[in-house]
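**Q** Let me give you the structure first, and then I'll get to my questions.
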Amino acid sequence: MNNREVAHTFVTIADMLAIRGDNIHRVLAYRRAAEAIQDLGQDINQVSAAGKLTDIPGIGQTLADKINEMLTTGHLAFYDKLAQEIPPSLVELLRVDGIGPKRARQLYDTLGVTNLDELAQAARAGKLRELPKMGAKSEAKLIKAIAELEKHGDERTPLGTAWPLAHEMLTALASISGVTKTAVAGSARRMRETVHDIDLLIAADDAAPVMDAFVNLPQVESVSGQGPTKASVTLVNGLQVDLRVLPADRWGTLLLYFTGSKAHNVHLRELALKQGFSLNEYGFTPTDGRAEILCATEEEAYQTLGLPYILPTLREDRGEIEAALANNLPDVIRIEQIISDLHMHTTWSDGKLSVLDMARAAQEHGRQYIAITDHSASLGIAHGLTVERLRQQAEEIHQANERLGPDFRILHGTEVEIKADGTLDYPDEVLAELDFVIAALHVSLKQPREQMTQRILNAIHNPHVDMIAHPTGRLIGERPPADLDMEAILQAAAQTGTILELNANPHRLDLKDIYVRRAMELGVKIAINTDAHNADQFDLLHFGVGTAQRGWATAVNVVNTWPLAQLLAWLREKS
DNA sequence: TAGTAGTGACTAACATTTGCCCACAAATG
């Protein structure tokens, strides 16, 4: 079993326990453990083999035993026992908007509903309205919610899809008279790779006109809730959008609350209580009856708790509050520190612009040097370069450098294919002619773990290979990551000085945040590149920087912050 | 259930809005 499967079992157990009505702390313990396993950045099997499971925060002896049982037998007796009381399929009901553990229990006890299909049947048969604390309205609402779930599912949306949509809506609302501040909050602001919904915030003294405009936006399909300060809508593509409106003098605590994460908020509010405040989105209320403290900025809110400002991308309750308390927050990478881009394509392969045009676009986007890294021959679909064309390209790059002058530099690179048999698409003597060599996987991504891993390890151990691009090959929401022993790859990268890419394209974000964090622990250098195929794709950089921040990456470990001479020196030193 | 203190017991996750039925469940971060 892998991390995802173990975590999923624990989440299901948590749901079953919640439906059964168990002690909330017991439920939370399973949820916390599931989260910790998902965020681990290491293979749970390896951690288990090393006997280090209880080192994971939130995992004690009881859960460690359960994990070991799952990993060795593939089963969990506790799960099977629980399943006799609460059918695991009952957990499906919780996916329906409007059904929580209590309702699920009630539906099971009174109507014998055990899964989503049976719930839909019971609802359509008009059986729900007869239940206590239910009525015709609740029934109709659930029927609609079930239909919505069947139509759009409840998959999370890639950040790259949600981001432009969120800003489009926000721009429309920003022009309403009386609006003084606007923000995209929630997981999009934290730059999670996928979002469950879009959270918008607006500062205005009078909320009503904003609410009104919001629910009437052209993207809106239906309104699921509308009160004086809060409204929720569903868009035509199924995505939910929440809006909160408050006066500007409460902006700091409002933004803090709505940005989350939930776990970060809970932790902050506990901290506030210990310091004699109740903290909510409206402000700090001293528990001894003194006057309320309003914060117009997030900085003021953190300051009130005696904390330095914590970037949104760090707010996951993965140790950032403890670090802030110790005045030991990581000095994470900022976008203005990035001066290079080491992965991009031109018309030589599947890019849209010439070498010179890409260089000029990069320069306009603030980069001081770049690597042109077109595909190699075997990637026919991308018009990969033969050795002969690669050498012709060298000449063009030389000429472009002459035209651009001393303030900018183009490195000649390649994105050489790691072929299905684990060999590289160019011979070593050709790679030796290049300034910067990226190796990457694009084909045969479904090989078994050992074979996949070995292909990357081969590339890492080739002295000519400087970087591995988008290591897992995943496309968020479309293609799963290749099955890789990431720990072995990270260790090998650390040992050889091979750079691992954090591909900034929001549909890749590969390395993902948890592996970035593991890379930092191991001293692996990363590169945040756009993989641009056109000029406007240089703008994708901020997604990569956000993901790097989520992995607590610092500038010294991000090679794109290095002056060219430093990068070249590093590459020369590399074994 | 984890964590802590101490080997069996105790504590521990905050604060709000909305809808719908008539007090509460579910939802939001």
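Just so we're on the same page: first chain in the structure tokens is A, next is B, and so on; residues restart at 1 for each chain, and ligands are numbered from 1 in the order they show up.
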Set the distance at 12 Å and use only C-alpha atoms (C1' of nucleotides): which residues neighbour DA27 of chain B once local chain neighbours fewer than 3 positions away are removed? I'd like the list as a PDB file with C-alpha atoms (C1' of nucleotides), in the first residue's frame.
**A**
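Result file is around_10.pdb:
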ATOM      1  CA  VAL A  96     -23.536  15.219  -1.030  1.00  0.00           C
ATOM      2  CA  ASP A  97     -23.756  18.897  -0.190  1.00  0.00           C
ATOM      3  CA  GLY A  98     -26.049  19.162   2.823  1.00  0.00           C
ATOM      4  CA  ILE A  99     -25.417  15.727   4.304  1.00  0.00           C
ATOM      5  CA  GLY A 100     -23.193  15.428   7.335  1.00  0.00           C
ATOM      6  CA  SER A 224     -26.951  28.112  -2.888  1.00  0.00           C
ATOM      7  CA  GLY A 225     -26.978  30.684  -0.115  1.00  0.00           C
ATOM      8  CA  LYS A 230     -21.973  35.921   2.836  1.00  0.00           C
ATOM      9  CA  ALA A 231     -23.130  34.336  -0.404  1.00  0.00           C
ATOM     10  CA  SER A 232     -22.380  31.061  -2.167  1.00  0.00           C
ATOM     11  CA  ASP A 242     -18.043  31.935  -1.830  1.00  0.00           C
TER      12      ASP A 242
ATOM     13  C1'  DT B  16     -18.723  31.975  12.530  1.00  0.00           C
ATOM     14  C1'  DT B  17     -23.164  32.058   8.703  1.00  0.00           C
ATOM     15  C1'  DT B  18     -26.966  30.054   6.509  1.00  0.00           C
ATOM     16  C1'  DG B  19     -31.107  27.286   5.687  1.00  0.00           C
TER      17       DG B  19
END
**Q** Per residue of chain B within 7 Å of chain A, what are the shortest atom pair and its distance in Å to one decimal, counting only C-alpha atoms (C1' of nucleotides), with rows by chain and residue number, as JSON lines?
**A**
{"residue": "B:DT1", "atom": "C1'", "partner": "A:Arg26", "partner_atom": "CA", "distance": 4.7}
{"residue": "B:DA2", "atom": "C1'", "partner": "A:Gly60", "partner_atom": "CA", "distance": 6.0}
{"residue": "B:DA13", "atom": "C1'", "partner": "A:Val266", "partner_atom": "CA", "distance": 6.6}
{"residue": "B:DC14", "atom": "C1'", "partner": "A:Val266", "partner_atom": "CA", "distance": 5.0}
{"residue": "B:DA15", "atom": "C1'", "partner": "A:Asn280", "partner_atom": "CA", "distance": 5.9}
{"residue": "B:DT18", "atom": "C1'", "partner": "A:Gly225", "partner_atom": "CA", "distance": 6.7}
{"residue": "B:DC21", "atom": "C1'", "partner": "A:Lys133", "partner_atom": "CA", "distance": 6.1}
{"residue": "B:DA26", "atom": "C1'", "partner": "A:Gly98", "partner_atom": "CA", "distance": 5.9}
{"residue": "B:DG29", "atom": "C1'", "partner": "A:Gly260", "partner_atom": "CA", "distance": 4.8}
**Q** List every residue of segment 481-575 of chain A that DSSP, applied to the backbone of this structure, assigns to strand (DSSP E or B), and report them as a ChimeraX atom specification.
**A** /A:499-503,510,526-529,532,554,558
**Q** In Å, rounded to a single decimal, give me how far atom CA of Gln106 of chain A is from atom C1' of DA25 of chain B.
**A**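 Rounded to one decimal, the two atoms are 11.8 Å apart.
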**Q** Hey, what's within 12 Å of Leu325 of chain A if we count only C-alpha atoms (C1' of nucleotides) and toss same-chain stuff fewer than 5 positions away? As a list in words, please?
**A**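 Counting only C-alpha atoms (C1' of nucleotides), the residues come to Leu268, Leu271, Tyr302, Gln303, Leu305, Gly306, Leu307, Pro308, Tyr309, Ile310, Gly319 and Glu320 of chain A.
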**Q** Which residues are near Asn503 of chain A? Cut-off 12 Å, only C-alpha atoms (C1' of nucleotides), ignore same chain within fewer than 5 positions. Put them as a ChimeraX atom specification.
**A** /A:341-344,440,467-475,508-513,516,526-532,537-538,540-548
**Q** Just to be explicit: take each residue in the selection above, keep N, CA and C atoms, and write the result as a compact mmCIF listing (two decimals), in the first residue's frame.
**A**
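Output below, filename selection14.txt:
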# COMPACT_ATOMS: atom_id res chain seq x y z
N ASP A 341 15.64 31.53 -16.30
CA ASP A 341 14.68 30.47 -16.61
C ASP A 341 15.44 29.44 -17.43
N LEU A 342 15.50 28.22 -16.95
CA LEU A 342 16.39 27.22 -17.53
C LEU A 342 15.67 26.14 -18.32
N HIS A 343 14.45 26.40 -18.71
CA HIS A 343 13.70 25.38 -19.47
C HIS A 343 12.67 26.08 -20.35
N MET A 344 12.89 26.04 -21.65
CA MET A 344 11.90 26.64 -22.57
C MET A 344 12.13 26.11 -23.98
N ALA A 440 14.52 14.32 -19.25
CA ALA A 440 13.11 14.26 -18.87
C ALA A 440 12.42 13.05 -19.47
N MET A 467 20.04 18.60 -14.88
CA MET A 467 18.73 18.77 -14.24
C MET A 467 17.76 17.73 -14.74
N ILE A 468 16.85 17.32 -13.86
CA ILE A 468 15.73 16.47 -14.26
C ILE A 468 14.49 17.36 -14.30
N ALA A 469 13.84 17.41 -15.46
CA ALA A 469 12.64 18.25 -15.58
C ALA A 469 11.40 17.50 -15.11
N HIS A 470 10.42 18.28 -14.63
CA HIS A 470 9.13 17.72 -14.15
C HIS A 470 9.24 16.24 -13.82
N PRO A 471 9.88 15.92 -12.69
CA PRO A 471 10.30 14.54 -12.41
C PRO A 471 9.22 13.47 -12.52
N THR A 472 8.02 13.72 -12.08
CA THR A 472 7.02 12.63 -12.06
C THR A 472 6.18 12.58 -13.32
N GLY A 473 6.24 13.64 -14.14
CA GLY A 473 5.48 13.64 -15.39
C GLY A 473 3.98 13.82 -15.23
N ARG A 474 3.54 14.14 -14.04
CA ARG A 474 2.09 14.23 -13.83
C ARG A 474 1.50 15.46 -14.52
N LEU A 475 0.21 15.36 -14.86
CA LEU A 475 -0.57 16.52 -15.26
C LEU A 475 -1.75 16.56 -14.31
N ARG A 508 1.30 21.28 -14.05
CA ARG A 508 2.33 20.33 -13.63
C ARG A 508 2.70 20.52 -12.16
N LEU A 509 3.27 21.69 -11.83
CA LEU A 509 3.78 21.94 -10.46
C LEU A 509 4.49 20.69 -9.93
N ASP A 510 5.53 20.34 -10.65
CA ASP A 510 6.21 19.06 -10.48
C ASP A 510 7.70 19.36 -10.47
N LEU A 511 8.38 19.27 -9.33
CA LEU A 511 8.08 18.71 -8.02
C LEU A 511 6.89 19.37 -7.34
N LYS A 512 6.16 18.60 -6.56
CA LYS A 512 5.11 19.19 -5.77
C LYS A 512 5.67 19.64 -4.42
N ASP A 513 4.85 20.42 -3.71
CA ASP A 513 5.32 21.08 -2.49
C ASP A 513 5.99 20.14 -1.47
N VAL A 516 9.39 19.24 -2.53
CA VAL A 516 10.28 20.40 -2.41
C VAL A 516 10.80 20.47 -0.98
N ILE A 526 16.98 23.06 -6.41
CA ILE A 526 15.86 23.02 -7.35
C ILE A 526 15.93 24.21 -8.30
N ALA A 527 15.27 24.04 -9.45
CA ALA A 527 15.14 25.14 -10.40
C ALA A 527 13.66 25.36 -10.67
N ILE A 528 13.23 26.61 -10.59
CA ILE A 528 11.83 26.94 -10.89
C ILE A 528 11.80 27.50 -12.31
N ASN A 529 11.29 26.69 -13.24
CA ASN A 529 11.28 27.08 -14.65
C ASN A 529 9.86 27.08 -15.20
N THR A 530 9.65 27.88 -16.24
CA THR A 530 8.29 27.95 -16.79
C THR A 530 8.02 26.91 -17.87
N ASP A 531 9.09 26.36 -18.49
CA ASP A 531 8.87 25.42 -19.60
C ASP A 531 8.07 26.14 -20.69
N ALA A 532 8.36 27.44 -20.88
CA ALA A 532 7.56 28.27 -21.79
C ALA A 532 7.68 27.79 -23.22
N GLN A 537 3.82 32.64 -21.47
CA GLN A 537 3.98 31.62 -20.44
C GLN A 537 5.08 31.95 -19.41
N PHE A 538 5.86 32.98 -19.69
CA PHE A 538 6.80 33.43 -18.65
C PHE A 538 6.05 33.94 -17.42
N LEU A 540 3.79 32.45 -15.92
CA LEU A 540 3.38 31.35 -15.04
C LEU A 540 4.32 31.18 -13.84
N LEU A 541 5.41 31.92 -13.87
CA LEU A 541 6.44 31.75 -12.84
C LEU A 541 5.88 31.79 -11.41
N HIS A 542 4.92 32.69 -11.17
CA HIS A 542 4.44 32.86 -9.79
C HIS A 542 3.83 31.59 -9.21
N PHE A 543 3.27 30.73 -10.07
CA PHE A 543 2.73 29.46 -9.57
C PHE A 543 3.87 28.58 -9.04
N GLY A 544 4.97 28.61 -9.75
CA GLY A 544 6.13 27.83 -9.31
C GLY A 544 6.71 28.37 -8.03
N VAL A 545 6.80 29.70 -7.94
CA VAL A 545 7.35 30.31 -6.73
C VAL A 545 6.43 30.01 -5.54
N GLY A 546 5.12 30.10 -5.76
CA GLY A 546 4.17 29.79 -4.69
C GLY A 546 4.34 28.36 -4.19
N THR A 547 4.51 27.44 -5.12
CA THR A 547 4.70 26.03 -4.75
C THR A 547 6.03 25.84 -4.00
N ALA A 548 7.05 26.55 -4.46
CA ALA A 548 8.35 26.47 -3.78
C ALA A 548 8.23 26.99 -2.34
**Q** Once DSSP has gone over the backbone, tell me which residues of segment 321-548 of chain A are in helix (DSSP H, G or I), as number ranges by chain.
**A** A: 321-325, 335-337, 355-364, 380-382, 387-404, 428-431, 449-461, 486-496, 513-522, 535-548
**Q** Give the answer as one residue: which of A:Leu116, A:Met16, A:Val443, A:Ala7 has the shortest atom-to-atom distance to Asp39 of chain A, using only C-alpha atoms?
**A**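 The shortest atom-to-atom distance to Asp39 of chain A comes from A:Ala7.
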**Q** Tell me, as a PDB file with N, CA and C atoms, in the first residue's frame, which residues lie within 9 Å of Gly366 of chain A, counting only C-alpha atoms (C1' of nucleotides); anything in the same chain fewer than 3 positions away does not count.
**A**
ATOM      1  N   GLU A 336      10.776  38.116  -6.985  1.00  0.00           N
ATOM      2  CA  GLU A 336      11.714  39.117  -7.502  1.00  0.00           C
ATOM      3  C   GLU A 336      13.172  38.653  -7.409  1.00  0.00           C
ATOM      4  N   ILE A 338      14.138  35.784  -8.611  1.00  0.00           N
ATOM      5  CA  ILE A 338      14.376  34.887  -9.751  1.00  0.00           C
ATOM      6  C   ILE A 338      14.956  35.684 -10.920  1.00  0.00           C
ATOM      7  N   ILE A 339      16.114  35.276 -11.417  1.00  0.00           N
ATOM      8  CA  ILE A 339      16.734  36.017 -12.523  1.00  0.00           C
ATOM      9  C   ILE A 339      16.955  35.164 -13.770  1.00  0.00           C
ATOM     10  N   SER A 340      16.598  33.882 -13.698  1.00  0.00           N
ATOM     11  CA  SER A 340      16.825  33.047 -14.883  1.00  0.00           C
ATOM     12  C   SER A 340      15.669  32.087 -15.111  1.00  0.00           C
ATOM     13  N   ALA A 361      11.569  38.092 -24.965  1.00  0.00           N
ATOM     14  CA  ALA A 361      10.402  37.985 -24.078  1.00  0.00           C
ATOM     15  C   ALA A 361      10.862  37.709 -22.647  1.00  0.00           C
ATOM     16  N   ALA A 362      11.843  36.829 -22.506  1.00  0.00           N
ATOM     17  CA  ALA A 362      12.366  36.512 -21.168  1.00  0.00           C
ATOM     18  C   ALA A 362      12.971  37.752 -20.524  1.00  0.00           C
ATOM     19  N   GLN A 363      13.705  38.521 -21.331  1.00  0.00           N
ATOM     20  CA  GLN A 363      14.328  39.744 -20.823  1.00  0.00           C
ATOM     21  C   GLN A 363      13.256  40.737 -20.368  1.00  0.00           C
TER      22      GLN A 363
END
**Q** Compare A:Ile56, A:Ala371, A:Val220, A:Ala494 by their minimum atom-to-atom distance to Leu434 of chain A, counting only C-alpha atoms, and give me the closest one.
**A**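 So, comparing all the options, the nearest one is A:Ala371.
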**Q** I want to know what sits within 9 Å of Ala519 of chain A, based on only C-alpha atoms (C1' of nucleotides), with residues of the same chain fewer than 4 positions away left out; could you give that as an NGL selection string?
**A** :A and (490-491 or 493-494 or 500 or 514-515 or 523-526 or 551 or 553)
**Q** Which one is closest to Ala535 of chain A: A:Val465, A:Leu571, A:Met358, A:Ala555? Count only C-alpha atoms.
**A**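 Closest candidate: A:Met358.
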**Q** Using only C-alpha atoms for the distances, tell me which of A:Ala213, A:Met486, A:Ile86, A:Val558 is nearest to Leu502 of chain A.
**A** A:Val558
**Q** Using atom CA of Asp425 of chain A and atom CA of Asn401 of chain A as the two end points, give the distance in Å to one decimal.
**A**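 Pair atom CA of Asp425 of chain A / atom CA of Asn401 of chain A returns 26.6 Å.
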